[in-house]
>>> print(open('protein_35.tsv').read())   # TSV, N, CA and C atoms
chain	number	residue	atom	x	y	z
A	26	MET	N	6.37	-17.10	38.62
A	26	MET	CA	7.11	-16.64	37.46
A	26	MET	C	6.21	-16.71	36.24
A	27	THR	N	6.08	-15.65	35.53
A	27	THR	CA	5.21	-15.62	34.36
A	27	THR	C	5.93	-16.20	33.14
A	28	VAL	N	5.16	-16.47	32.12
A	28	VAL	CA	5.72	-17.04	30.89
A	28	VAL	C	6.65	-16.05	30.21
A	29	LEU	N	6.28	-14.78	30.20
A	29	LEU	CA	7.13	-13.78	29.56
A	29	LEU	C	8.47	-13.65	30.27
A	30	ALA	N	8.46	-13.74	31.58
A	30	ALA	CA	9.72	-13.66	32.32
A	30	ALA	C	10.60	-14.87	32.00
A	31	PHE	N	9.98	-16.02	31.87
A	31	PHE	CA	10.74	-17.22	31.53
A	31	PHE	C	11.35	-17.10	30.13
A	32	LEU	N	10.56	-16.61	29.17
A	32	LEU	CA	11.08	-16.43	27.81
A	32	LEU	C	12.20	-15.38	27.77
A	33	TRP	N	12.03	-14.30	28.54
A	33	TRP	CA	13.06	-13.28	28.58
A	33	TRP	C	14.35	-13.84	29.17
A	34	PHE	N	14.23	-14.63	30.24
A	34	PHE	CA	15.39	-15.26	30.85
A	34	PHE	C	16.07	-16.23	29.88
A	35	SER	N	15.29	-16.99	29.14
A	35	SER	CA	15.86	-17.94	28.17
A	35	SER	C	16.59	-17.22	27.05
A	36	ALA	N	16.00	-16.15	26.54
A	36	ALA	CA	16.65	-15.39	25.47
A	36	ALA	C	17.94	-14.75	25.96
A	37	LYS	N	17.94	-14.24	27.18
A	37	LYS	CA	19.15	-13.64	27.75
A	37	LYS	C	20.25	-14.68	27.90
A	38	ARG	N	19.88	-15.88	28.35
A	38	ARG	CA	20.85	-16.97	28.53
A	38	ARG	C	21.43	-17.41	27.18
A	39	LEU	N	20.58	-17.51	26.16
A	39	LEU	CA	21.05	-17.93	24.84
A	39	LEU	C	21.97	-16.88	24.22
A	40	ARG	N	21.70	-15.59	24.45
A	40	ARG	CA	22.58	-14.54	23.91
A	40	ARG	C	23.92	-14.51	24.60
A	41	SER	N	23.97	-14.91	25.86
A	41	SER	CA	25.25	-14.87	26.57
A	41	SER	C	26.17	-16.03	26.17
A	42	ARG	N	25.61	-17.12	25.69
A	42	ARG	CA	26.40	-18.29	25.28
A	42	ARG	C	26.14	-18.58	23.80
A	43	LEU	N	26.69	-17.76	22.91
A	43	LEU	CA	26.43	-17.90	21.48
A	43	LEU	C	27.00	-19.20	20.91
A	44	ASP	N	28.15	-19.64	21.43
A	44	ASP	CA	28.74	-20.88	20.91
A	44	ASP	C	27.86	-22.08	21.24
A	45	LEU	N	27.34	-22.14	22.47
A	45	LEU	CA	26.45	-23.24	22.83
A	45	LEU	C	25.12	-23.16	22.09
A	46	THR	N	24.65	-21.95	21.85
A	46	THR	CA	23.42	-21.78	21.08
A	46	THR	C	23.60	-22.28	19.66
A	47	ALA	N	24.73	-21.96	19.06
A	47	ALA	CA	24.99	-22.43	17.70
A	47	ALA	C	25.10	-23.95	17.65
A	48	LEU	N	25.79	-24.54	18.62
A	48	LEU	CA	25.90	-26.00	18.66
A	48	LEU	C	24.55	-26.67	18.90
A	49	PHE	N	23.73	-26.07	19.74
A	49	PHE	CA	22.40	-26.62	19.99
A	49	PHE	C	21.54	-26.55	18.73
A	50	THR	N	21.59	-25.44	18.04
A	50	THR	CA	20.83	-25.28	16.79
A	50	THR	C	21.30	-26.28	15.75
A	51	LEU	N	22.61	-26.46	15.63
A	51	LEU	CA	23.17	-27.43	14.69
A	51	LEU	C	22.75	-28.86	15.04
A	52	SER	N	22.76	-29.20	16.32
A	52	SER	CA	22.38	-30.55	16.72
A	52	SER	C	20.90	-30.81	16.46
A	53	VAL	N	20.06	-29.83	16.66
A	53	VAL	CA	18.64	-30.00	16.37
A	53	VAL	C	18.44	-30.18	14.86
A	54	ALA	N	19.14	-29.39	14.06
A	54	ALA	CA	19.01	-29.50	12.60
A	54	ALA	C	19.50	-30.87	12.12
A	55	LEU	N	20.61	-31.36	12.65
A	55	LEU	CA	21.11	-32.68	12.26
A	55	LEU	C	20.17	-33.79	12.69
A	56	THR	N	19.58	-33.67	13.86
A	56	THR	CA	18.64	-34.68	14.33
A	56	THR	C	17.41	-34.73	13.44
A	57	VAL	N	16.88	-33.58	13.10
A	57	VAL	CA	15.71	-33.55	12.21
A	57	VAL	C	16.08	-34.11	10.84
A	58	GLY	N	17.25	-33.77	10.34
A	58	GLY	CA	17.70	-34.29	9.04
A	58	GLY	C	17.83	-35.79	9.04
A	59	LEU	N	18.39	-36.36	10.10
A	59	LEU	CA	18.52	-37.82	10.17
A	59	LEU	C	17.16	-38.50	10.28
A	60	MET	N	16.26	-37.90	11.02
A	60	MET	CA	14.93	-38.50	11.17
A	60	MET	C	14.15	-38.47	9.85
A	61	VAL	N	14.40	-37.47	9.03
A	61	VAL	CA	13.69	-37.35	7.77
A	61	VAL	C	14.34	-38.20	6.68
A	62	CYS	N	15.64	-38.36	6.71
A	62	CYS	CA	16.32	-39.03	5.61
A	62	CYS	C	16.10	-40.54	5.61
A	63	ILE	N	15.81	-41.17	6.73
A	63	ILE	CA	15.62	-42.62	6.77
A	63	ILE	C	14.40	-43.04	5.95
A	64	PRO	N	13.21	-42.46	6.14
A	64	PRO	CA	12.08	-42.87	5.29
A	64	PRO	C	12.28	-42.53	3.81
A	65	ILE	N	12.93	-41.43	3.52
A	65	ILE	CA	13.17	-41.05	2.13
A	65	ILE	C	14.09	-42.07	1.48
A	66	PHE	N	15.14	-42.49	2.18
A	66	PHE	CA	16.07	-43.50	1.64
A	66	PHE	C	15.36	-44.83	1.45
A	67	ALA	N	14.54	-45.25	2.41
A	67	ALA	CA	13.82	-46.51	2.30
A	67	ALA	C	12.85	-46.48	1.11
A	68	ASN	N	12.20	-45.36	0.90
A	68	ASN	CA	11.29	-45.23	-0.24
A	68	ASN	C	12.05	-45.30	-1.56
A	69	ALA	N	13.21	-44.67	-1.63
A	69	ALA	CA	14.01	-44.71	-2.86
A	69	ALA	C	14.49	-46.14	-3.14
A	70	VAL	N	14.89	-46.86	-2.12
A	70	VAL	CA	15.36	-48.24	-2.31
A	70	VAL	C	14.22	-49.13	-2.78
A	71	SER	N	13.03	-48.99	-2.19
A	71	SER	CA	11.91	-49.83	-2.61
A	71	SER	C	11.48	-49.50	-4.04
A	72	ARG	N	11.52	-48.24	-4.43
A	72	ARG	CA	11.20	-47.89	-5.82
A	72	ARG	C	12.21	-48.47	-6.78
A	73	ARG	N	13.48	-48.43	-6.41
A	73	ARG	CA	14.53	-48.98	-7.28
A	73	ARG	C	14.37	-50.49	-7.43
A	74	MET	N	14.08	-51.18	-6.33
A	74	MET	CA	13.88	-52.63	-6.39
A	74	MET	C	12.66	-52.97	-7.26
A	75	MET	N	11.58	-52.21	-7.11
A	75	MET	CA	10.39	-52.47	-7.91
A	75	MET	C	10.67	-52.23	-9.39
A	76	ALA	N	11.41	-51.19	-9.73
A	76	ALA	CA	11.74	-50.91	-11.12
A	76	ALA	C	12.58	-52.03	-11.72
A	77	GLU	N	13.56	-52.55	-10.95
A	77	GLU	CA	14.39	-53.65	-11.45
A	77	GLU	C	13.57	-54.91	-11.66
A	78	GLU	N	12.65	-55.21	-10.74
A	78	GLU	CA	11.80	-56.39	-10.90
A	78	GLU	C	10.87	-56.24	-12.09
A	79	MET	N	10.34	-55.05	-12.31
A	79	MET	CA	9.47	-54.82	-13.46
A	79	MET	C	10.24	-54.96	-14.77
A	80	ASN	N	11.46	-54.45	-14.82
A	80	ASN	CA	12.28	-54.60	-16.03
A	80	ASN	C	12.61	-56.06	-16.29
A	81	GLN	N	12.91	-56.80	-15.24
A	81	GLN	CA	13.21	-58.22	-15.40
A	81	GLN	C	11.98	-58.98	-15.91
A	82	ARG	N	10.82	-58.68	-15.36
A	82	ARG	CA	9.59	-59.34	-15.80
A	82	ARG	C	9.27	-58.97	-17.25
A	83	THR	N	9.50	-57.73	-17.63
A	83	THR	CA	9.24	-57.29	-19.00
A	83	THR	C	10.15	-58.02	-19.98
A	84	ARG	N	11.43	-58.16	-19.63
A	84	ARG	CA	12.37	-58.87	-20.52
A	84	ARG	C	12.05	-60.35	-20.63
A	85	SER	N	11.64	-60.99	-19.53
A	85	SER	CA	11.40	-62.42	-19.57
A	85	SER	C	10.13	-62.77	-20.36
A	86	ARG	N	9.14	-61.90	-20.39
A	86	ARG	CA	7.88	-62.18	-21.11
A	86	ARG	C	7.82	-61.53	-22.49
A	87	ASN	N	8.79	-60.69	-22.80
A	87	ASN	CA	8.84	-59.98	-24.09
A	87	ASN	C	7.60	-59.12	-24.33
A	88	ARG	N	7.05	-58.55	-23.30
A	88	ARG	CA	5.94	-57.62	-23.40
A	88	ARG	C	5.93	-56.74	-22.17
A	89	ALA	N	5.10	-55.72	-22.21
A	89	ALA	CA	5.03	-54.80	-21.08
A	89	ALA	C	4.50	-55.52	-19.84
A	90	ALA	N	4.93	-55.08	-18.69
A	90	ALA	CA	4.56	-55.76	-17.44
A	90	ALA	C	3.08	-55.64	-17.14
A	91	PHE	N	2.46	-54.54	-17.49
A	91	PHE	CA	1.06	-54.35	-17.19
A	91	PHE	C	0.18	-54.42	-18.44
A	92	SER	N	0.61	-55.18	-19.41
A	92	SER	CA	-0.20	-55.31	-20.63
A	92	SER	C	-1.41	-56.18	-20.35
A	93	VAL	N	-2.48	-55.90	-21.07
A	93	VAL	CA	-3.73	-56.63	-20.89
A	93	VAL	C	-4.09	-57.25	-22.23
A	94	ARG	N	-4.41	-58.52	-22.20
A	94	ARG	CA	-4.83	-59.20	-23.42
A	94	ARG	C	-6.35	-59.29	-23.41
A	95	TYR	N	-6.95	-58.77	-24.49
A	95	TYR	CA	-8.41	-58.77	-24.59
A	95	TYR	C	-8.78	-59.46	-25.89
A	96	PHE	N	-9.66	-60.40	-25.81
A	96	PHE	CA	-10.14	-61.05	-27.03
A	96	PHE	C	-11.61	-61.41	-26.84
A	97	ALA	N	-12.29	-61.61	-27.95
A	97	ALA	CA	-13.72	-61.95	-27.92
A	97	ALA	C	-13.98	-63.02	-28.98
A	98	TRP	N	-14.88	-63.90	-28.67
A	98	TRP	CA	-15.30	-64.93	-29.61
A	98	TRP	C	-16.49	-64.41	-30.40
A	99	PRO	N	-16.47	-64.57	-31.70
A	99	PRO	CA	-17.63	-64.10	-32.49
A	99	PRO	C	-18.85	-65.01	-32.24
A	100	ARG	N	-20.00	-64.39	-32.18
A	100	ARG	CA	-21.26	-65.11	-32.00
A	100	ARG	C	-22.18	-64.78	-33.17
A	101	PRO	N	-23.02	-65.70	-33.50
A	101	PRO	CA	-23.94	-65.40	-34.62
A	101	PRO	C	-24.93	-64.28	-34.27
A	102	ALA	N	-25.29	-64.12	-33.02
A	102	ALA	CA	-26.29	-63.10	-32.65
A	102	ALA	C	-25.70	-61.70	-32.67
A	103	ALA	N	-24.43	-61.58	-32.39
A	103	ALA	CA	-23.80	-60.25	-32.35
A	103	ALA	C	-22.70	-60.18	-33.41
A	104	PRO	N	-22.71	-59.14	-34.22
A	104	PRO	CA	-21.66	-59.03	-35.26
A	104	PRO	C	-20.31	-58.71	-34.65
>>> encode(input="protein_35.tsv", output="structure tokens")
Amino acid sequence: MTVLAFLWFSAKRLRSRLDLTALFTLSVALTVGLMVCIPIFANAVSRRMMAEEMNQRTRSRNRAAFSVRYFAWPRPAAP
């Protein structure tokens, strides 16, 4: 049996059972959607938690969370 004959047979079978074809297509779409939504939801939750922790740290220190303090001591050799 050649590949083209197999594809032709599959297409003929799918056209004869349109209701099952529609249900199969819907189930594949739902499965892909569920597989994709889990990492997206986990990423959104971790971003939200990080934002809340950063806001809490900013309020407790009364400055920006990633602020840098830079200072230098004057020396007689360098103005």
>>> atom_distance(input="protein_35.tsv", atom1="atom N of Asn80 in chain A", atom2="atom C of Ala67 in chain A")
17.9 Å
>>> select_by_dssp(input="protein_35.tsv", residues="chain A", states="alpha helix (DSSP H)", output="PyMOL selection string")
chain A and resi 28-41+43-86
>>> residues_around(input="protein_35.tsv", residues="Ala90 in chain A", least_positions_apart="5", cutoff="8 Å", atoms="only C-alpha atoms", output="PDB file with N, CA and C atoms, in the frame of the given file")
ATOM      1  N   MET A  79      10.340 -55.050 -12.310  1.00  0.00           N
ATOM      2  CA  MET A  79       9.470 -54.820 -13.460  1.00  0.00           C
ATOM      3  C   MET A  79      10.240 -54.960 -14.770  1.00  0.00           C
ATOM      4  N   ASN A  80      11.460 -54.450 -14.820  1.00  0.00           N
ATOM      5  CA  ASN A  80      12.280 -54.600 -16.030  1.00  0.00           C
ATOM      6  C   ASN A  80      12.610 -56.060 -16.290  1.00  0.00           C
ATOM      7  N   ARG A  82      10.820 -58.680 -15.360  1.00  0.00           N
ATOM      8  CA  ARG A  82       9.590 -59.340 -15.800  1.00  0.00           C
ATOM      9  C   ARG A  82       9.270 -58.970 -17.250  1.00  0.00           C
ATOM     10  N   THR A  83       9.500 -57.730 -17.630  1.00  0.00           N
ATOM     11  CA  THR A  83       9.240 -57.290 -19.000  1.00  0.00           C
ATOM     12  C   THR A  83      10.150 -58.020 -19.980  1.00  0.00           C
TER      13      THR A  83
END
>>> atom_distance(input="protein_35.tsv", atom1="atom C of Ala54 in chain A", atom2="atom N of Phe66 in chain A")
15.9 Å
>>> atom_distance(input="protein_35.tsv", atom1="atom C of Ile65 in chain A", atom2="atom C of Ser52 in chain A")
19.9 Å
>>> decode(input="protein_35.tsv", residues="range 52-88 of chain A", atoms="N, CA and C atoms", output="PDB file, in the first residue's frame")
ATOM      1  N   SER A  52     -10.918  17.980  20.180  1.00  0.00           N
ATOM      2  CA  SER A  52     -10.135  17.382  21.263  1.00  0.00           C
ATOM      3  C   SER A  52      -8.648  17.674  21.102  1.00  0.00           C
ATOM      4  N   VAL A  53      -8.150  17.672  19.883  1.00  0.00           N
ATOM      5  CA  VAL A  53      -6.744  18.008  19.661  1.00  0.00           C
ATOM      6  C   VAL A  53      -6.499  19.473  20.022  1.00  0.00           C
ATOM      7  N   ALA A  54      -7.408  20.356  19.643  1.00  0.00           N
ATOM      8  CA  ALA A  54      -7.247  21.780  19.953  1.00  0.00           C
ATOM      9  C   ALA A  54      -7.284  22.010  21.467  1.00  0.00           C
ATOM     10  N   LEU A  55      -8.188  21.347  22.173  1.00  0.00           N
ATOM     11  CA  LEU A  55      -8.252  21.493  23.628  1.00  0.00           C
ATOM     12  C   LEU A  55      -7.012  20.937  24.308  1.00  0.00           C
ATOM     13  N   THR A  56      -6.501  19.833  23.813  1.00  0.00           N
ATOM     14  CA  THR A  56      -5.290  19.249  24.391  1.00  0.00           C
ATOM     15  C   THR A  56      -4.100  20.182  24.214  1.00  0.00           C
ATOM     16  N   VAL A  57      -3.953  20.732  23.038  1.00  0.00           N
ATOM     17  CA  VAL A  57      -2.852  21.673  22.804  1.00  0.00           C
ATOM     18  C   VAL A  57      -3.024  22.914  23.677  1.00  0.00           C
ATOM     19  N   GLY A  58      -4.237  23.399  23.795  1.00  0.00           N
ATOM     20  CA  GLY A  58      -4.504  24.568  24.644  1.00  0.00           C
ATOM     21  C   GLY A  58      -4.160  24.321  26.097  1.00  0.00           C
ATOM     22  N   LEU A  59      -4.515  23.153  26.618  1.00  0.00           N
ATOM     23  CA  LEU A  59      -4.189  22.840  28.007  1.00  0.00           C
ATOM     24  C   LEU A  59      -2.688  22.690  28.212  1.00  0.00           C
ATOM     25  N   MET A  60      -2.016  22.103  27.251  1.00  0.00           N
ATOM     26  CA  MET A  60      -0.570  21.924  27.379  1.00  0.00           C
ATOM     27  C   MET A  60       0.164  23.265  27.336  1.00  0.00           C
ATOM     28  N   VAL A  61      -0.379  24.223  26.611  1.00  0.00           N
ATOM     29  CA  VAL A  61       0.265  25.526  26.499  1.00  0.00           C
ATOM     30  C   VAL A  61      -0.086  26.421  27.688  1.00  0.00           C
ATOM     31  N   CYS A  62      -1.275  26.303  28.227  1.00  0.00           N
ATOM     32  CA  CYS A  62      -1.711  27.246  29.256  1.00  0.00           C
ATOM     33  C   CYS A  62      -1.028  27.009  30.597  1.00  0.00           C
ATOM     34  N   ILE A  63      -0.562  25.811  30.902  1.00  0.00           N
ATOM     35  CA  ILE A  63       0.070  25.545  32.198  1.00  0.00           C
ATOM     36  C   ILE A  63       1.360  26.350  32.360  1.00  0.00           C
ATOM     37  N   PRO A  64       2.312  26.319  31.419  1.00  0.00           N
ATOM     38  CA  PRO A  64       3.514  27.147  31.603  1.00  0.00           C
ATOM     39  C   PRO A  64       3.225  28.646  31.599  1.00  0.00           C
ATOM     40  N   ILE A  65       2.261  29.080  30.816  1.00  0.00           N
ATOM     41  CA  ILE A  65       1.923  30.501  30.780  1.00  0.00           C
ATOM     42  C   ILE A  65       1.365  30.929  32.125  1.00  0.00           C
ATOM     43  N   PHE A  66       0.494  30.118  32.724  1.00  0.00           N
ATOM     44  CA  PHE A  66      -0.073  30.432  34.037  1.00  0.00           C
ATOM     45  C   PHE A  66       1.020  30.439  35.103  1.00  0.00           C
ATOM     46  N   ALA A  67       1.920  29.462  35.079  1.00  0.00           N
ATOM     47  CA  ALA A  67       3.002  29.407  36.061  1.00  0.00           C
ATOM     48  C   ALA A  67       3.913  30.626  35.935  1.00  0.00           C
ATOM     49  N   ASN A  68       4.191  31.057  34.726  1.00  0.00           N
ATOM     50  CA  ASN A  68       5.014  32.244  34.516  1.00  0.00           C
ATOM     51  C   ASN A  68       4.320  33.491  35.048  1.00  0.00           C
ATOM     52  N   ALA A  69       3.024  33.607  34.821  1.00  0.00           N
ATOM     53  CA  ALA A  69       2.276  34.768  35.320  1.00  0.00           C
ATOM     54  C   ALA A  69       2.262  34.794  36.848  1.00  0.00           C
ATOM     55  N   VAL A  70       2.105  33.640  37.475  1.00  0.00           N
ATOM     56  CA  VAL A  70       2.090  33.583  38.939  1.00  0.00           C
ATOM     57  C   VAL A  70       3.449  33.963  39.502  1.00  0.00           C
ATOM     58  N   SER A  71       4.528  33.464  38.909  1.00  0.00           N
ATOM     59  CA  SER A  71       5.857  33.793  39.424  1.00  0.00           C
ATOM     60  C   SER A  71       6.171  35.274  39.232  1.00  0.00           C
ATOM     61  N   ARG A  72       5.741  35.869  38.124  1.00  0.00           N
ATOM     62  CA  ARG A  72       5.942  37.306  37.937  1.00  0.00           C
ATOM     63  C   ARG A  72       5.161  38.107  38.961  1.00  0.00           C
ATOM     64  N   ARG A  73       3.948  37.685  39.246  1.00  0.00           N
ATOM     65  CA  ARG A  73       3.117  38.396  40.234  1.00  0.00           C
ATOM     66  C   ARG A  73       3.743  38.306  41.623  1.00  0.00           C
ATOM     67  N   MET A  74       4.227  37.124  41.990  1.00  0.00           N
ATOM     68  CA  MET A  74       4.871  36.957  43.297  1.00  0.00           C
ATOM     69  C   MET A  74       6.134  37.816  43.392  1.00  0.00           C
ATOM     70  N   MET A  75       6.928  37.856  42.328  1.00  0.00           N
ATOM     71  CA  MET A  75       8.139  38.661  42.337  1.00  0.00           C
ATOM     72  C   MET A  75       7.804  40.142  42.459  1.00  0.00           C
ATOM     73  N   ALA A  76       6.778  40.604  41.769  1.00  0.00           N
ATOM     74  CA  ALA A  76       6.384  42.011  41.846  1.00  0.00           C
ATOM     75  C   ALA A  76       5.928  42.370  43.258  1.00  0.00           C
ATOM     76  N   GLU A  77       5.160  41.481  43.909  1.00  0.00           N
ATOM     77  CA  GLU A  77       4.712  41.749  45.276  1.00  0.00           C
ATOM     78  C   GLU A  77       5.887  41.792  46.247  1.00  0.00           C
ATOM     79  N   GLU A  78       6.845  40.879  46.084  1.00  0.00           N
ATOM     80  CA  GLU A  78       8.023  40.885  46.953  1.00  0.00           C
ATOM     81  C   GLU A  78       8.865  42.129  46.734  1.00  0.00           C
ATOM     82  N   MET A  79       9.000  42.571  45.490  1.00  0.00           N
ATOM     83  CA  MET A  79       9.761  43.785  45.212  1.00  0.00           C
ATOM     84  C   MET A  79       9.072  45.012  45.800  1.00  0.00           C
ATOM     85  N   ASN A  80       7.758  45.086  45.703  1.00  0.00           N
ATOM     86  CA  ASN A  80       7.027  46.212  46.307  1.00  0.00           C
ATOM     87  C   ASN A  80       7.172  46.208  47.820  1.00  0.00           C
ATOM     88  N   GLN A  81       7.110  45.043  48.429  1.00  0.00           N
ATOM     89  CA  GLN A  81       7.264  44.947  49.878  1.00  0.00           C
ATOM     90  C   GLN A  81       8.669  45.387  50.294  1.00  0.00           C
ATOM     91  N   ARG A  82       9.676  44.959  49.567  1.00  0.00           N
ATOM     92  CA  ARG A  82      11.058  45.348  49.880  1.00  0.00           C
ATOM     93  C   ARG A  82      11.246  46.852  49.692  1.00  0.00           C
ATOM     94  N   THR A  83      10.640  47.415  48.659  1.00  0.00           N
ATOM     95  CA  THR A  83      10.760  48.854  48.406  1.00  0.00           C
ATOM     96  C   THR A  83      10.121  49.648  49.536  1.00  0.00           C
ATOM     97  N   ARG A  84       8.950  49.220  50.004  1.00  0.00           N
ATOM     98  CA  ARG A  84       8.282  49.930  51.099  1.00  0.00           C
ATOM     99  C   ARG A  84       9.047  49.809  52.412  1.00  0.00           C
ATOM    100  N   SER A  85       9.624  48.647  52.692  1.00  0.00           N
ATOM    101  CA  SER A  85      10.306  48.458  53.968  1.00  0.00           C
ATOM    102  C   SER A  85      11.615  49.247  54.043  1.00  0.00           C
ATOM    103  N   ARG A  86      12.292  49.467  52.926  1.00  0.00           N
ATOM    104  CA  ARG A  86      13.577  50.192  52.926  1.00  0.00           C
ATOM    105  C   ARG A  86      13.431  51.661  52.536  1.00  0.00           C
ATOM    106  N   ASN A  87      12.251  52.058  52.106  1.00  0.00           N
ATOM    107  CA  ASN A  87      11.987  53.441  51.676  1.00  0.00           C
ATOM    108  C   ASN A  87      12.899  53.883  50.533  1.00  0.00           C
ATOM    109  N   ARG A  88      13.244  52.992  49.657  1.00  0.00           N
ATOM    110  CA  ARG A  88      14.014  53.303  48.457  1.00  0.00           C
ATOM    111  C   ARG A  88      13.741  52.227  47.423  1.00  0.00           C
TER     112      ARG A  88
END
